[in-house]
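Below is one structure, written out as structure tokens; the observations come after it.
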Amino acid sequence: QVQLVESGGGLVQTGGSLRLACAASGRTFSSNAMGWFRQAPGKEREFVAGISYNGGTTDYADSVKGRFTISRDNAKNTVYLQMDSLKSEDTAVYYCAAAASLSSSWYWRKDQADVYDYWGQGTQVTVSS
């Protein structure tokens, strides 16, 4: 069982930066691939970024490539999302998610919500102009 708690959301101006953190409980974090998703009002939840259990593989949605960076610190049971050059269209609730331990299907389905078994409660990010 993995419990996830996001933090770091808030209000920021266009062009600014935020760093989200997701703290995980449970003994399997170092073997869980992780992902960040977001959901804007009136829209479906969408994939933002994913990182493999050891950090060796990362992937990003086209809309955030070059602006967002996902990373993890397995010693701290934490995954991060550094968000730079923020735009108004980045406004959403951001969710952290964990795949099952040593999930092999994550590698070809990492942008699909149903490959993740555990979800955090979300943190609001609002980008204002």
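Following the order of the structure tokens, first chain is A, next is B, and so on, with residues numbered from 1 inside each chain and ligands from 1 in the order they appear.
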Subject >> 7 Å contact set for region 51-63 of chain A, only C-alpha atoms, chain neighbours under 5 positions out, as a VMD selection string >> reply: chain A and resid 30 to 35 70 to 72
**OP:** Mind listing the helix (DSSP H, G or I) residues of region 10-123 of chain A, per DSSP on the backbone, as a ChimeraX atom specification?
**Re:** /A:29-31,88-90,106-109,113-115
Would you output that residue set with N, CA and C atoms, as a PDB file, in the first residue's frame?
```pdb
ATOM      1  N   PHE A  29       8.378   2.345  -2.274  1.00  0.00           N
ATOM      2  CA  PHE A  29       8.506   3.533  -3.117  1.00  0.00           C
ATOM      3  C   PHE A  29       9.626   3.393  -4.128  1.00  0.00           C
ATOM      4  N   SER A  30      10.761   2.863  -3.715  1.00  0.00           N
ATOM      5  CA  SER A  30      11.911   2.776  -4.616  1.00  0.00           C
ATOM      6  C   SER A  30      11.681   1.794  -5.763  1.00  0.00           C
ATOM      7  N   SER A  31      10.604   1.047  -5.738  1.00  0.00           N
ATOM      8  CA  SER A  31      10.282   0.144  -6.832  1.00  0.00           C
ATOM      9  C   SER A  31       9.007   0.559  -7.569  1.00  0.00           C
ATOM     10  N   SER A  88      -0.799  30.265 -18.415  1.00  0.00           N
ATOM     11  CA  SER A  88      -2.148  30.218 -17.851  1.00  0.00           C
ATOM     12  C   SER A  88      -2.797  28.857 -18.096  1.00  0.00           C
ATOM     13  N   GLU A  89      -2.456  28.224 -19.202  1.00  0.00           N
ATOM     14  CA  GLU A  89      -3.051  26.914 -19.506  1.00  0.00           C
ATOM     15  C   GLU A  89      -2.501  25.791 -18.634  1.00  0.00           C
ATOM     16  N   ASP A  90      -1.518  26.094 -17.795  1.00  0.00           N
ATOM     17  CA  ASP A  90      -1.029  25.110 -16.833  1.00  0.00           C
ATOM     18  C   ASP A  90      -1.883  25.082 -15.567  1.00  0.00           C
ATOM     19  N   TRP A 106       4.165  -0.171 -17.165  1.00  0.00           N
ATOM     20  CA  TRP A 106       4.331   1.288 -17.080  1.00  0.00           C
ATOM     21  C   TRP A 106       5.154   1.827 -18.247  1.00  0.00           C
ATOM     22  N   TYR A 107       6.150   1.079 -18.687  1.00  0.00           N
ATOM     23  CA  TYR A 107       7.088   1.588 -19.682  1.00  0.00           C
ATOM     24  C   TYR A 107       6.413   1.905 -21.024  1.00  0.00           C
ATOM     25  N   TRP A 108       5.343   1.185 -21.376  1.00  0.00           N
ATOM     26  CA  TRP A 108       4.677   1.528 -22.635  1.00  0.00           C
ATOM     27  C   TRP A 108       3.294   2.112 -22.432  1.00  0.00           C
ATOM     28  N   ARG A 109       2.901   2.286 -21.167  1.00  0.00           N
ATOM     29  CA  ARG A 109       1.579   2.877 -20.911  1.00  0.00           C
ATOM     30  C   ARG A 109       1.663   3.962 -19.850  1.00  0.00           C
ATOM     31  N   ALA A 113      -3.791   6.725 -17.233  1.00  0.00           N
ATOM     32  CA  ALA A 113      -4.103   6.810 -15.808  1.00  0.00           C
ATOM     33  C   ALA A 113      -4.316   5.437 -15.181  1.00  0.00           C
ATOM     34  N   ASP A 114      -4.825   4.486 -15.954  1.00  0.00           N
ATOM     35  CA  ASP A 114      -5.159   3.198 -15.354  1.00  0.00           C
ATOM     36  C   ASP A 114      -3.950   2.310 -15.072  1.00  0.00           C
ATOM     37  N   VAL A 115      -2.742   2.759 -15.426  1.00  0.00           N
ATOM     38  CA  VAL A 115      -1.550   1.985 -15.073  1.00  0.00           C
ATOM     39  C   VAL A 115      -1.069   2.331 -13.665  1.00  0.00           C
TER      40      VAL A 115
END
```
**OP:** Using DSSP on the backbone coordinates, identify the residues of chain A assigned to strand (DSSP E); present them as a PyMOL selection string.
**Re:** chain A and resi 3-7+10-13+18-25+32-39+46-51+58-60+68-73+78-83+92-101+116-119+123-128
Subject >> CA of Ala21 (chain A) to CA of Val79 (chain A), straight-line distance in Å >> reply: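 Computing the Euclidean distance for CA of Val79 (chain A) and CA of Ala21 (chain A) yields 5.8 Å.
When CA of Val48 (chain A) is paired with CA of Ala24 (chain A), their separation reads 18.6 Å.
Going from CA of Ala23 (chain A) over to CA of Glu6 (chain A), you cover 6.5 Å.
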Subject >> Polymer residues at most 7 Å from Ser17 (chain A), only C-alpha atoms, same-chain spacing of 5 or more positions, as a ChimeraX atom specification >> reply: /A:83-86
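Each of A:Val93, A:Val64, A:Leu11, A:Ala40 was compared to Val127 (chain A) using only C-alpha atoms, and A:Leu11 turns out to be the nearest.
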Original post:
Near Gln121 (chain A), within 10 Å and counting only C-alpha atoms, which residues show up once chain neighbours fewer than 6 positions away are dropped, as a VMD selection string?
Top reply: chain A and resid 3 to 7 93 to 97
Selection file, N, CA, C and O atoms, as a PDB file, in the first residue's frame:
```pdb
ATOM      1  N   GLN A   3       0.654   5.536   0.153  1.00  0.00           N
ATOM      2  CA  GLN A   3      -0.117   6.756   0.332  1.00  0.00           C
ATOM      3  C   GLN A   3       0.707   7.939  -0.163  1.00  0.00           C
ATOM      4  O   GLN A   3       1.906   8.018   0.106  1.00  0.00           O
ATOM      5  N   LEU A   4       0.049   8.838  -0.865  1.00  0.00           N
ATOM      6  CA  LEU A   4       0.738   9.951  -1.518  1.00  0.00           C
ATOM      7  C   LEU A   4       0.156  11.282  -1.055  1.00  0.00           C
ATOM      8  O   LEU A   4      -1.068  11.440  -1.008  1.00  0.00           O
ATOM      9  N   VAL A   5       1.023  12.228  -0.747  1.00  0.00           N
ATOM     10  CA  VAL A   5       0.591  13.552  -0.325  1.00  0.00           C
ATOM     11  C   VAL A   5       1.371  14.598  -1.124  1.00  0.00           C
ATOM     12  O   VAL A   5       2.602  14.684  -1.016  1.00  0.00           O
ATOM     13  N   GLU A   6       0.628  15.383  -1.909  1.00  0.00           N
ATOM     14  CA  GLU A   6       1.258  16.426  -2.717  1.00  0.00           C
ATOM     15  C   GLU A   6       1.370  17.736  -1.932  1.00  0.00           C
ATOM     16  O   GLU A   6       0.560  18.005  -1.047  1.00  0.00           O
ATOM     17  N   SER A   7       2.341  18.539  -2.299  1.00  0.00           N
ATOM     18  CA  SER A   7       2.490  19.866  -1.723  1.00  0.00           C
ATOM     19  C   SER A   7       3.184  20.764  -2.739  1.00  0.00           C
ATOM     20  O   SER A   7       3.721  20.283  -3.738  1.00  0.00           O
ATOM     21  N   VAL A  93      -5.563  21.247 -11.138  1.00  0.00           N
ATOM     22  CA  VAL A  93      -5.205  20.470  -9.957  1.00  0.00           C
ATOM     23  C   VAL A  93      -4.214  19.409 -10.416  1.00  0.00           C
ATOM     24  O   VAL A  93      -4.469  18.679 -11.380  1.00  0.00           O
ATOM     25  N   TYR A  94      -3.088  19.331  -9.735  1.00  0.00           N
ATOM     26  CA  TYR A  94      -2.027  18.393 -10.092  1.00  0.00           C
ATOM     27  C   TYR A  94      -2.048  17.212  -9.125  1.00  0.00           C
ATOM     28  O   TYR A  94      -2.069  17.403  -7.902  1.00  0.00           O
ATOM     29  N   TYR A  95      -2.018  16.016  -9.707  1.00  0.00           N
ATOM     30  CA  TYR A  95      -2.077  14.783  -8.938  1.00  0.00           C
ATOM     31  C   TYR A  95      -0.805  13.971  -9.120  1.00  0.00           C
ATOM     32  O   TYR A  95      -0.306  13.827 -10.239  1.00  0.00           O
ATOM     33  N   CYS A  96      -0.354  13.420  -8.034  1.00  0.00           N
ATOM     34  CA  CYS A  96       0.755  12.480  -8.041  1.00  0.00           C
ATOM     35  C   CYS A  96       0.168  11.066  -8.060  1.00  0.00           C
ATOM     36  O   CYS A  96      -0.875  10.824  -7.445  1.00  0.00           O
ATOM     37  N   ALA A  97       0.835  10.159  -8.762  1.00  0.00           N
ATOM     38  CA  ALA A  97       0.337   8.795  -8.850  1.00  0.00           C
ATOM     39  C   ALA A  97       1.488   7.803  -8.835  1.00  0.00           C
ATOM     40  O   ALA A  97       2.585   8.119  -9.321  1.00  0.00           O
TER      41      ALA A  97
END
```
Original post:
With only C-alpha atoms as the atoms that count, which of A:Leu20, A:Ala99, A:Pro41, A:Asn77 lies nearest to Tyr116 (chain A)?
Top reply: A:Ala99
Original post:
Taking only C-alpha atoms into account, which of A:Val125, A:Ala98, A:Ala92, A:Ala49 comes nearest Arg19 (chain A)?
Top reply: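 Nearest candidate to Arg19 (chain A) out of A:Val125, A:Ala98, A:Ala92, A:Ala49: A:Val125.
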**OP:** Compile the contact shell of Thr91 (chain A) as a list in words: residues with an atom at most 12 Å away, counting only C-alpha atoms, same-chain residues fewer than 6 positions apart removed.
**Re:**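 Those residues are Gly9, Gly10, Leu11, Val12, Gln13, Thr14, Leu18, Arg38, Gln39, Ala40, Pro41, Lys43, Met83, Thr123, Gln124, Val125, Thr126, Val127, Ser128 and Ser129 of chain A.
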